[in-house]
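Everything below belongs to upload_13.cif, which stores mmCIF, C-alpha atoms.
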data_entry
#
loop_
_atom_site.label_atom_id
_atom_site.label_comp_id
_atom_site.auth_asym_id
_atom_site.auth_seq_id
_atom_site.Cartn_x
_atom_site.Cartn_y
_atom_site.Cartn_z
CA MET A 93 123.28 -130.88 101.50
CA THR A 94 120.37 -128.96 102.91
CA ASP A 95 116.98 -130.55 102.75
CA GLN A 96 114.37 -127.98 101.88
CA THR A 97 111.98 -130.50 100.40
CA ILE A 98 110.31 -131.71 103.60
CA PRO A 99 107.26 -129.48 104.09
CA ALA A 100 105.92 -128.64 107.53
CA GLN A 101 102.33 -128.80 106.31
CA SER A 102 101.50 -131.71 108.61
CA GLY A 103 102.16 -129.47 111.64
CA ARG A 104 100.25 -126.53 113.01
CA GLN A 105 98.61 -124.19 110.51
CA ILE A 106 97.89 -120.49 111.11
CA PHE A 107 95.66 -118.62 108.66
CA GLY A 108 96.11 -121.44 106.15
CA HIS A 109 99.92 -121.47 106.28
CA PRO A 110 102.48 -123.47 108.31
CA ALA A 111 103.17 -121.97 111.75
CA GLY A 112 106.88 -121.94 110.86
CA LEU A 113 106.18 -119.22 108.30
CA TYR A 114 105.41 -116.78 111.10
CA ILE A 115 108.59 -117.66 113.01
CA LEU A 116 110.57 -116.83 109.87
CA PHE A 117 108.32 -113.78 109.37
CA PHE A 118 109.17 -112.27 112.77
CA THR A 119 112.83 -113.27 112.62
CA GLU A 120 113.28 -111.51 109.31
CA LEU A 121 111.17 -108.57 110.50
CA TRP A 122 113.67 -107.80 113.26
CA GLU A 123 116.70 -108.59 111.11
CA ARG A 124 115.46 -106.10 108.54
CA PHE A 125 114.69 -103.62 111.32
CA SER A 126 118.35 -103.72 112.26
CA TYR A 127 119.58 -103.53 108.66
CA TYR A 128 117.28 -100.76 107.43
CA GLY A 129 117.67 -98.80 110.65
CA MET A 130 121.41 -98.72 110.03
CA ARG A 131 120.95 -98.16 106.29
CA ALA A 132 118.73 -95.11 106.83
CA LEU A 133 121.51 -93.47 108.84
CA LEU A 134 124.61 -94.66 106.98
CA VAL A 135 124.97 -92.07 104.18
CA LEU A 136 123.59 -89.25 106.35
CA TYR A 137 126.10 -90.09 109.08
CA MET A 138 129.03 -90.20 106.68
CA THR A 139 128.15 -86.83 105.11
CA ALA A 140 127.23 -85.04 108.38
CA ILE A 141 129.67 -82.33 109.40
CA SER A 142 132.41 -83.48 111.76
CA THR A 143 131.73 -80.77 114.35
CA GLY A 144 128.71 -79.83 116.42
CA ASP A 145 126.36 -81.71 118.75
CA ASN A 146 125.88 -84.71 116.45
CA PRO A 147 129.05 -85.01 114.36
CA GLY A 148 129.59 -87.38 111.48
CA PHE A 149 132.58 -88.00 109.25
CA GLY A 150 132.10 -84.90 107.10
CA TRP A 151 132.68 -86.87 103.88
CA SER A 152 131.71 -85.64 100.43
CA ASN A 153 128.62 -87.06 98.74
CA GLU A 154 130.82 -88.89 96.24
CA ARG A 155 132.91 -90.62 98.92
CA ALA A 156 129.86 -91.59 100.98
CA LEU A 157 127.97 -92.97 97.96
CA ALA A 158 131.03 -94.92 96.84
CA LEU A 159 131.36 -96.64 100.23
CA TYR A 160 127.60 -97.20 100.31
CA GLY A 161 127.83 -98.99 96.97
CA TRP A 162 130.71 -101.23 98.06
CA TYR A 163 129.13 -102.03 101.41
CA THR A 164 125.67 -102.91 100.09
CA MET A 165 127.24 -104.99 97.30
CA LEU A 166 129.35 -107.01 99.74
CA VAL A 167 126.38 -107.48 102.09
CA TYR A 168 124.55 -109.43 99.41
CA ILE A 169 127.49 -111.07 97.63
CA SER A 170 128.41 -112.66 100.95
CA SER A 171 125.24 -114.71 100.47
CA ILE A 172 127.19 -116.98 98.10
CA PRO A 173 129.59 -118.31 100.77
CA GLY A 174 126.64 -118.23 103.18
CA GLY A 175 124.64 -120.47 100.87
CA TRP A 176 127.61 -122.79 100.35
CA LEU A 177 128.12 -123.07 104.13
CA ALA A 178 124.50 -124.13 104.54
CA ASP A 179 124.53 -126.59 101.64
CA LYS A 180 127.81 -128.29 102.50
CA VAL A 181 128.45 -127.91 106.23
CA LEU A 182 125.79 -126.61 108.62
CA GLY A 183 122.38 -126.64 106.98
CA GLN A 184 120.19 -123.58 106.62
CA LYS A 185 118.90 -123.52 110.19
CA LYS A 186 122.29 -123.45 111.94
CA THR A 187 123.69 -121.02 109.39
CA VAL A 188 120.83 -118.61 110.12
CA ILE A 189 121.64 -118.81 113.84
CA LEU A 190 125.31 -118.09 113.09
CA GLY A 191 124.34 -115.15 110.89
CA GLY A 192 122.10 -113.71 113.58
CA ALA A 193 124.91 -113.86 116.13
CA LEU A 194 127.32 -112.08 113.77
CA LEU A 195 124.71 -109.40 113.10
CA CYS A 196 124.13 -108.80 116.80
CA ILE A 197 127.88 -108.26 117.21
CA GLY A 198 128.16 -106.04 114.12
CA HIS A 199 125.29 -103.71 114.96
CA GLY A 200 126.47 -103.53 118.56
CA ILE A 201 129.95 -102.45 117.46
CA LEU A 202 128.48 -99.69 115.27
CA ALA A 203 127.09 -98.11 118.43
CA ILE A 204 130.72 -97.30 119.38
CA ASP A 205 131.88 -93.86 118.20
CA HIS A 206 135.18 -94.69 116.51
CA ILE A 207 136.28 -95.07 112.88
CA THR A 208 137.76 -98.53 113.56
CA ALA A 209 134.51 -99.64 115.16
CA PHE A 210 132.65 -98.32 112.12
CA TYR A 211 134.55 -100.48 109.64
CA THR A 212 134.65 -103.49 111.98
CA GLY A 213 130.89 -103.32 112.53
CA LEU A 214 130.24 -103.17 108.79
CA GLY A 215 132.45 -106.24 108.34
CA PHE A 216 130.48 -108.28 110.88
CA ILE A 217 127.20 -107.19 109.29
CA ILE A 218 128.41 -108.24 105.84
CA ALA A 219 129.27 -111.73 107.15
CA GLY A 220 126.05 -111.97 109.18
CA VAL A 221 123.72 -111.03 106.33
CA GLY A 222 125.55 -113.48 104.08
CA CYS A 223 124.80 -116.33 106.46
CA LEU A 224 121.22 -115.36 107.29
CA LYS A 225 119.68 -113.83 104.19
CA PRO A 226 119.80 -116.62 101.57
CA ASN A 227 119.06 -119.40 104.02
CA ILE A 228 116.04 -117.99 105.78
CA SER A 229 114.50 -117.29 102.36
CA THR A 230 115.15 -120.88 101.26
CA MET A 231 113.57 -122.14 104.47
CA VAL A 232 110.32 -120.37 103.54
CA GLY A 233 110.21 -122.46 100.36
CA GLY A 234 110.89 -125.57 102.44
CA LEU A 235 107.62 -125.08 104.31
CA TYR A 236 105.63 -125.95 101.19
CA SER A 237 105.51 -128.97 98.92
CA PHE A 238 106.71 -128.45 95.35
CA LYS A 239 103.24 -128.20 93.81
CA ASP A 240 101.68 -126.04 96.54
CA GLU A 241 100.18 -122.90 95.01
CA ARG A 242 100.32 -121.19 98.43
CA ARG A 243 104.07 -120.81 97.99
CA ASP A 244 103.90 -117.43 96.20
CA ILE A 245 101.43 -116.10 98.78
CA GLY A 246 103.64 -117.43 101.58
CA PHE A 247 106.61 -115.53 100.18
CA THR A 248 104.49 -112.39 99.93
CA ILE A 249 103.49 -112.75 103.61
CA PHE A 250 107.17 -113.23 104.46
CA TYR A 251 107.99 -110.17 102.36
CA ILE A 252 105.45 -108.07 104.24
CA GLY A 253 107.22 -109.09 107.46
CA ILE A 254 110.48 -107.82 106.02
CA ASN A 255 108.87 -104.51 105.29
CA ILE A 256 107.21 -104.04 108.67
CA GLY A 257 110.76 -104.04 110.01
CA ALA A 258 111.91 -101.77 107.20
CA LEU A 259 108.99 -99.39 107.91
CA LEU A 260 109.60 -99.05 111.63
CA ALA A 261 113.41 -98.90 111.46
CA PRO A 262 113.96 -95.55 109.68
CA ILE A 263 111.29 -93.92 111.86
CA ALA A 264 112.72 -95.17 115.15
CA CYS A 265 116.44 -95.46 114.40
CA GLY A 266 116.38 -92.52 112.00
CA TYR A 267 114.71 -90.14 114.44
CA LEU A 268 116.95 -91.24 117.32
CA GLY A 269 120.08 -90.99 115.15
CA GLU A 270 119.33 -87.64 113.49
CA ARG A 271 117.98 -85.89 116.57
CA TYR A 272 119.92 -87.37 119.51
CA GLY A 273 123.02 -89.13 118.20
CA TRP A 274 123.97 -91.35 115.28
CA HIS A 275 125.31 -94.10 117.52
CA LEU A 276 122.13 -94.26 119.58
CA GLY A 277 120.33 -95.04 116.32
CA PHE A 278 122.86 -97.75 115.49
CA GLY A 279 122.44 -99.15 119.03
CA LEU A 280 118.68 -99.42 118.61
CA ALA A 281 119.28 -101.42 115.41
CA ALA A 282 121.40 -103.83 117.48
CA ILE A 283 118.55 -104.34 119.96
CA GLY A 284 116.20 -105.18 117.08
CA MET A 285 118.59 -107.84 115.78
CA PHE A 286 118.87 -109.41 119.23
CA ILE A 287 115.08 -109.73 119.42
CA GLY A 288 115.03 -111.41 116.00
CA GLN A 289 117.66 -113.91 117.10
CA MET A 290 115.63 -114.82 120.19
CA VAL A 291 112.47 -115.34 118.11
CA PHE A 292 114.26 -117.74 115.76
CA VAL A 293 115.79 -119.78 118.58
CA TRP A 294 112.46 -119.98 120.43
CA GLY A 295 110.56 -121.06 117.30
CA GLN A 296 112.65 -124.12 116.44
CA LYS A 297 109.80 -126.49 117.34
CA TYR A 298 107.78 -125.09 114.43
CA LEU A 299 110.62 -125.62 111.95
CA LYS A 300 111.27 -129.34 112.39
CA GLY A 301 112.40 -130.93 109.13
CA VAL A 302 112.97 -127.56 107.47
CA GLY A 303 116.51 -126.34 106.86
CA ASP A 304 118.25 -129.22 108.63
CA PHE A 305 121.60 -130.47 107.37
CA ILE A 306 121.68 -134.06 106.16
CA GLY A 307 125.20 -135.42 105.86
CA ASP A 308 126.22 -138.00 103.29
CA LYS A 309 126.03 -140.84 105.82
CA ASP A 310 122.35 -140.29 106.64
CA ASN A 311 121.21 -138.83 103.36
CA PRO A 312 118.73 -141.12 101.55
CA ASP A 313 119.38 -139.16 98.35
CA LYS A 314 123.16 -139.49 98.60
CA GLU A 315 123.66 -141.08 95.18
CA LEU A 316 121.11 -138.79 93.57
CA MET A 317 123.02 -135.75 94.89
CA LYS A 318 126.24 -136.96 93.25
CA LYS A 319 124.69 -137.15 89.80
CA PRO A 320 125.37 -134.32 87.32
CA LEU A 321 122.57 -131.94 86.47
CA THR A 322 120.05 -133.19 83.94
CA ALA A 323 119.28 -131.29 80.74
CA VAL A 324 116.08 -129.98 82.31
CA GLU A 325 117.94 -128.77 85.41
CA LYS A 326 120.54 -127.05 83.24
CA ASP A 327 117.82 -125.22 81.30
CA ARG A 328 116.24 -124.09 84.54
CA VAL A 329 119.57 -122.80 85.82
CA LYS A 330 119.96 -120.85 82.57
CA VAL A 331 116.62 -119.12 82.97
CA LEU A 332 117.43 -118.39 86.61
CA LEU A 333 120.65 -116.67 85.55
CA ILE A 334 118.71 -114.62 83.00
CA SER A 335 116.23 -113.61 85.70
CA PHE A 336 119.19 -112.49 87.84
CA LEU A 337 120.03 -109.91 85.16
CA LEU A 338 116.58 -108.40 85.74
CA VAL A 339 117.32 -108.41 89.46
CA ILE A 340 120.57 -106.49 88.93
CA LEU A 341 118.84 -103.88 86.78
CA PHE A 342 115.93 -103.49 89.18
CA TRP A 343 118.02 -103.04 92.31
CA GLY A 344 120.55 -100.89 90.50
CA ALA A 345 117.69 -98.47 90.04
CA PHE A 346 115.79 -99.06 93.26
CA GLU A 347 118.77 -98.77 95.62
CA GLN A 348 119.14 -95.14 94.73
CA ALA A 349 116.75 -94.94 97.69
CA GLY A 350 119.36 -95.49 100.39
CA GLY A 351 122.04 -93.42 98.67
CA LEU A 352 121.27 -90.71 96.12
CA LEU A 353 117.59 -90.33 97.07
CA ASN A 354 118.47 -90.22 100.76
CA LEU A 355 120.78 -87.29 100.04
CA TRP A 356 118.16 -85.79 97.70
CA ALA A 357 115.65 -85.81 100.55
CA ASP A 358 118.20 -84.34 102.97
CA GLN A 359 119.76 -81.66 100.78
CA ASN A 360 117.35 -80.75 97.96
CA THR A 361 113.80 -81.47 99.16
CA ASN A 362 111.41 -79.15 100.97
CA ARG A 363 110.42 -81.41 103.87
CA ASN A 364 108.19 -78.96 105.71
CA PHE A 365 104.76 -80.36 106.55
CA LEU A 366 102.32 -78.23 108.56
CA GLY A 367 105.20 -76.23 110.00
CA TRP A 368 107.30 -79.28 110.96
CA GLU A 369 110.35 -80.56 109.10
CA ILE A 370 110.17 -84.28 108.35
CA PRO A 371 113.48 -86.07 109.11
CA ALA A 372 115.14 -87.08 105.85
CA SER A 373 115.58 -90.67 107.02
CA TRP A 374 111.81 -91.09 107.40
CA PHE A 375 111.36 -91.19 103.64
CA GLN A 376 113.14 -94.56 103.76
CA SER A 377 109.94 -95.89 105.37
CA VAL A 378 107.60 -94.86 102.54
CA ASN A 379 108.48 -97.88 100.39
CA SER A 380 107.78 -100.28 103.26
CA PHE A 381 104.49 -98.56 104.09
CA PHE A 382 103.29 -99.11 100.54
CA ILE A 383 104.47 -102.74 100.57
CA ILE A 384 102.49 -103.45 103.73
CA THR A 385 99.35 -101.71 102.47
CA LEU A 386 99.54 -102.89 98.86
CA GLY A 387 101.27 -106.28 99.18
CA SER A 388 98.15 -108.39 99.56
CA LEU A 389 96.36 -106.42 96.83
CA VAL A 390 99.14 -106.99 94.30
CA ALA A 391 99.48 -110.68 95.22
CA GLY A 392 95.71 -111.08 94.99
CA PHE A 393 95.63 -109.42 91.57
CA TRP A 394 98.16 -111.86 90.15
CA TYR A 395 96.47 -114.84 91.82
CA ARG A 396 93.06 -113.95 90.37
CA ARG A 397 94.65 -113.37 86.98
CA LYS A 398 96.19 -116.85 87.13
CA LEU A 399 92.84 -118.41 88.07
CA LYS A 400 91.32 -116.80 84.96
CA GLY A 401 93.96 -118.50 82.80
CA LYS A 402 95.77 -115.26 81.91
CA GLU A 403 99.53 -114.81 81.85
CA ALA A 404 100.79 -114.59 85.43
CA SER A 405 104.11 -116.43 85.39
CA SER A 406 107.10 -115.20 87.37
CA LEU A 407 108.90 -114.51 84.09
CA PHE A 408 106.07 -112.14 83.17
CA LYS A 409 105.74 -110.45 86.56
CA MET A 410 109.44 -109.62 86.87
CA PRO A 411 109.84 -107.47 83.71
CA ILE A 412 106.47 -105.87 84.44
CA GLY A 413 107.92 -104.83 87.80
CA LEU A 414 110.96 -103.33 86.09
CA VAL A 415 108.75 -101.32 83.71
CA ILE A 416 106.57 -99.99 86.55
CA GLN A 417 109.63 -98.87 88.49
CA GLY A 418 110.93 -97.16 85.37
CA ILE A 419 107.73 -95.13 85.24
CA GLY A 420 108.33 -94.11 88.85
CA PHE A 421 111.65 -92.52 87.92
CA PHE A 422 109.81 -90.07 85.67
CA PHE A 423 108.58 -88.42 88.88
CA MET A 424 112.14 -88.01 90.12
CA ALA A 425 113.16 -86.58 86.75
CA TYR A 426 110.40 -84.00 87.13
CA SER A 427 111.57 -83.33 90.70
CA ALA A 428 115.07 -82.61 89.36
CA LEU A 429 113.65 -80.16 86.81
CA GLU A 430 111.64 -78.43 89.53
CA PHE A 431 114.73 -78.11 91.71
CA ALA A 432 116.73 -76.65 88.83
CA LYS A 433 114.09 -73.92 88.40
CA THR A 434 113.26 -73.05 92.01
CA ASP A 435 116.20 -74.42 94.07
CA SER A 436 113.69 -76.56 95.96
CA THR A 437 111.35 -79.45 95.24
CA SER A 438 108.30 -81.00 96.87
CA PHE A 439 108.55 -84.23 98.85
CA ILE A 440 105.41 -85.38 96.99
CA TRP A 441 107.59 -86.48 94.04
CA LEU A 442 109.60 -88.75 96.35
CA ILE A 443 106.37 -90.31 97.60
CA MET A 444 105.09 -90.84 94.05
CA PHE A 445 108.39 -92.45 93.10
CA TYR A 446 108.18 -94.83 96.05
CA LEU A 447 104.58 -95.72 95.18
CA PHE A 448 105.46 -96.87 91.66
CA SER A 449 108.74 -98.47 92.73
CA THR A 450 106.92 -100.40 95.43
CA VAL A 451 104.36 -101.82 93.03
CA GLY A 452 107.25 -102.79 90.77
CA GLU A 453 109.08 -104.38 93.69
CA LEU A 454 106.00 -106.41 94.66
CA CYS A 455 105.83 -107.75 91.12
CA LEU A 456 109.51 -108.71 91.06
CA SER A 457 111.15 -109.33 94.40
CA PRO A 458 108.98 -111.81 96.36
CA VAL A 459 108.21 -113.54 93.06
CA SER A 460 111.94 -113.93 92.40
CA LEU A 461 112.44 -115.67 95.74
CA SER A 462 109.62 -118.10 95.02
CA PHE A 463 110.87 -118.62 91.45
CA ILE A 464 114.26 -119.78 92.73
CA THR A 465 112.75 -122.35 95.08
CA LYS A 466 110.77 -123.76 92.13
CA LEU A 467 113.62 -123.98 89.61
CA ALA A 468 116.86 -124.41 91.57
CA PRO A 469 118.27 -127.99 91.63
CA VAL A 470 117.96 -129.41 95.16
CA LYS A 471 121.73 -129.93 95.50
CA TYR A 472 122.32 -126.22 94.82
CA ALA A 473 119.24 -124.77 96.56
CA SER A 474 120.98 -122.41 98.98
CA LEU A 475 123.77 -121.63 96.53
CA MET A 476 121.27 -120.42 93.92
CA MET A 477 119.51 -118.36 96.58
CA GLY A 478 122.94 -116.95 97.41
CA ALA A 479 123.47 -116.15 93.73
CA TYR A 480 120.16 -114.26 93.75
CA TRP A 481 121.30 -112.13 96.67
CA ALA A 482 124.66 -111.66 94.97
CA ALA A 483 122.77 -110.29 91.95
CA THR A 484 121.02 -107.96 94.37
CA GLY A 485 124.47 -106.97 95.61
CA PHE A 486 125.71 -106.16 92.11
CA GLY A 487 122.56 -104.07 91.70
CA ASN A 488 123.45 -102.20 94.87
CA LYS A 489 126.97 -101.56 93.59
CA LEU A 490 125.52 -100.29 90.32
CA ALA A 491 123.27 -97.99 92.35
CA GLY A 492 126.26 -96.60 94.20
CA GLU A 493 128.20 -96.00 90.99
CA LEU A 494 125.22 -94.24 89.41
CA GLY A 495 124.91 -92.09 92.51
CA VAL A 496 128.57 -91.08 92.31
CA TYR A 497 128.24 -90.43 88.57
CA SER A 498 125.19 -88.22 89.16
CA GLN A 499 127.30 -85.76 91.16
CA ASN A 500 128.95 -84.72 87.88
CA ALA A 501 126.45 -85.79 85.21
CA GLY A 502 123.44 -84.34 87.02
CA GLU A 503 120.51 -85.97 88.82
CA PHE A 504 118.03 -85.29 86.01
CA GLU A 505 120.17 -87.17 83.51
CA ILE A 506 120.50 -90.15 85.89
CA PHE A 507 116.78 -90.26 86.73
CA ILE A 508 115.55 -90.02 83.14
CA GLY A 509 118.22 -92.46 81.94
CA ILE A 510 117.20 -95.08 84.52
CA SER A 511 113.56 -94.59 83.60
CA ILE A 512 113.99 -95.10 79.88
CA PHE A 513 116.41 -98.02 80.25
CA SER A 514 114.13 -99.83 82.72
CA VAL A 515 111.08 -99.54 80.46
CA VAL A 516 113.00 -100.70 77.38
CA ALA A 517 114.74 -103.62 79.15
CA GLY A 518 111.50 -104.83 80.72
CA GLY A 519 109.67 -104.61 77.40
CA LEU A 520 112.40 -106.65 75.69
CA VAL A 521 112.07 -109.51 78.17
CA ILE A 522 108.29 -109.52 77.75
CA MET A 523 108.80 -109.91 73.99
CA LEU A 524 111.02 -112.97 74.67
CA LEU A 525 108.63 -114.48 77.19
CA LYS A 526 107.66 -117.64 75.28
CA PRO A 527 111.18 -119.00 74.61
CA LEU A 528 112.19 -118.16 78.18
CA LYS A 529 109.20 -120.02 79.60
CA ARG A 530 110.14 -123.11 77.62
CA LEU A 531 113.41 -123.25 79.57
CA THR A 532 111.46 -123.72 82.83
CA HIS A 533 110.03 -127.03 81.56
CA GLY A 534 106.71 -126.49 83.31
CA ALA A 535 108.10 -125.68 86.76
CA GLU A 536 105.38 -123.09 87.21
CA ASP A 537 102.54 -125.24 85.95
CA LEU A 538 101.27 -125.72 89.48
CA ALA A 539 97.92 -126.92 90.68
CA VAL A 540 95.54 -124.04 91.47
CA SER A 541 92.86 -124.66 94.08
#
Take the structure in this file and express it as structure tokens.
Amino acid sequence: MTDQTIPAQSGRQIFGHPAGLYILFFTELWERFSYYGMRALLVLYMTAISTGDNPGFGWSNERALALYGWYTMLVYISSIPGGWLADKVLGQKKTVILGGALLCIGHGILAIDHITAFYTGLGFIIAGVGCLKPNISTMVGGLYSFKDERRDIGFTIFYIGINIGALLAPIACGYLGERYGWHLGFGLAAIGMFIGQMVFVWGQKYLKGVGDFIGDKDNPDKELMKKPLTAVEKDRVKVLLISFLLVILFWGAFEQAGGLLNLWADQNTNRNFLGWEIPASWFQSVNSFFIITLGSLVAGFWYRRKLKGKEASSLFKMPIGLVIQGIGFFFMAYSALEFAKTDSTSFIWLIMFYLFSTVGELCLSPVSLSFITKLAPVKYASLMMGAYWAATGFGNKLAGELGVYSQNAGEFEIFIGISIFSVVAGGLVIMLLKPLKRLTHGAEDLAVS
């Protein structure tokens, strides 16, 4: 098993949070730098013409979006075996180190200009993310005691770290890849991952008692861990699985960003600003910019709402996030109409979409991570986190399929369809809020100080 119940609160505190939070913050920052740097280039590289100074594969949009969907799905589904490996064999901490090593190898291989290296690098990245992603998130929860209200804020701080990496990566890797060579951009992503790995190894002294593996021989809860789930635990697992459906829907819509919207920015959008053409990959940074600038504001809004005794549960925030993102797709629907009339469209609509999608993401994604650490049975802690990332993976695959479908159905139809469906689905969950909350059996009735 993996023990994520021993908080590091007795150790050093920085800005009111365990010092270990900032080790995980910077580790994930660089891991996400590597991932989003590669992601910003992936579809553009595959669709770039195969001749010229900076050749790509010359694939069609449909073929590139299809591979993008499969790849991003497998990246997150691999979190299930990654979570199992941590729970049953290595513990979260060692599994994160293993994942970081695999990612360093994978991103490094992508810097090689060969089709075999391309597929091999993607394979290593899939395995590496599977080991690292669910376990580092679970370790954040392990820094706090069960009833510590700082947990949600801690996850938001962690989430901002993710998005600092995601902000810098498309700007640095994207510019280098688009202007000077795709594989130079992939190589810079590899350097970022290596830095993240070094940060995590150096910071082990701040993570004592968090994410360590406890074998059966030394486990004081050995008999407890062999017991079947209680009725309360089963109910909590049920509500977690329901929340994962929201996750699939949200990311199925949101991950148009790396695929369809990346191509939309590259092929259909007027990117001229004061006489200079903005690289298409840079728009992948807009979401992260808004997360960094708005993250604390959104978290503070929900915290103050909770203090006033108003509804602010995770099960309320998540569908609200889905609805807000649905509203954002109205801007893309308008952009599609504008393009149909004038054969061009302003990049302002992309920015407005990312603004609304980001607010929706801040309501759903970091909250989902915290929600899992509150409800998941201890014996399945990493496995449930892996299931969350698998749901994210299915959302990514859905995004890829919608992107492929849009090439025949039309972008306007996809954008307006996603918008309406997101608003309706989110509204339905809000209507069912009370019976869903009963399934949590008070897991979110935490002390507020």
Original post:
Written as a VMD selection string, which residues does the PyMOL selection byres ((chain A and resi 168) around 12) give for the file shown?
Top reply: chain A and resid 161 to 167 169 to 175 217 to 226 340 343 477 to 489
**OP:** Name the residues that the PyMOL selection byres ((chain A and resi 276-280) around 6) picks from the file above, as a list in words, using the file's chain letters and numbers.
**Re:**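 Evaluating the PyMOL selection byres ((chain A and resi 276-280) around 6) on this file yields Met130, Gly200, Leu202, Ala203, Cys265, Leu268, Gly269, Gly273, Trp274, His275, Ala281, Ala282 and Ile283 of chain A.
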Original post:
How would you write, as a ChimeraX atom specification, the residues chosen by the PyMOL selection byres ((chain A and resi 465) around 10) on this structure?
Top reply: /A:96-97,229-234,238,243,460-464,466-470,473-474,476-477
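One distance worth recording is that between CA of Tyr236 in chain A and CA of Leu113 in chain A, which is 9.8 Å.
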Original post:
In Å, with one decimal, what is the gap from CA of Gly183 in chain A to CA of Ser335 in chain A?
Top reply: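 Straight-line distance from CA of Gly183 in chain A to CA of Ser335 in chain A works out to 25.7 Å.
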Subject >> Point-to-point distance in Å for CA of Ala372 in chain A and CA of Glu270 in chain A >> reply: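 Distance reported for this atom pair: 8.7 Å.
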Subject >> Residue with smallest distance to Ile249 in chain A - pool A:Gly519, A:Gly387, A:Gly108, A:Gly418, counting all atoms listed in the file >> reply: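 Under the stated criterion, the closest residue is A:Gly387.
Here the question is which of A:Tyr298, A:Tyr251, A:Phe375, A:Phe431 gets nearest to Glu453 in chain A using only C-alpha atoms, and that residue is A:Tyr251.
For the set A:Gly502, A:Gly192, A:Pro371, A:Gly492, the residue with the smallest atom-to-atom gap to Arg124 in chain A is A:Gly192, counting all atoms listed in the file.
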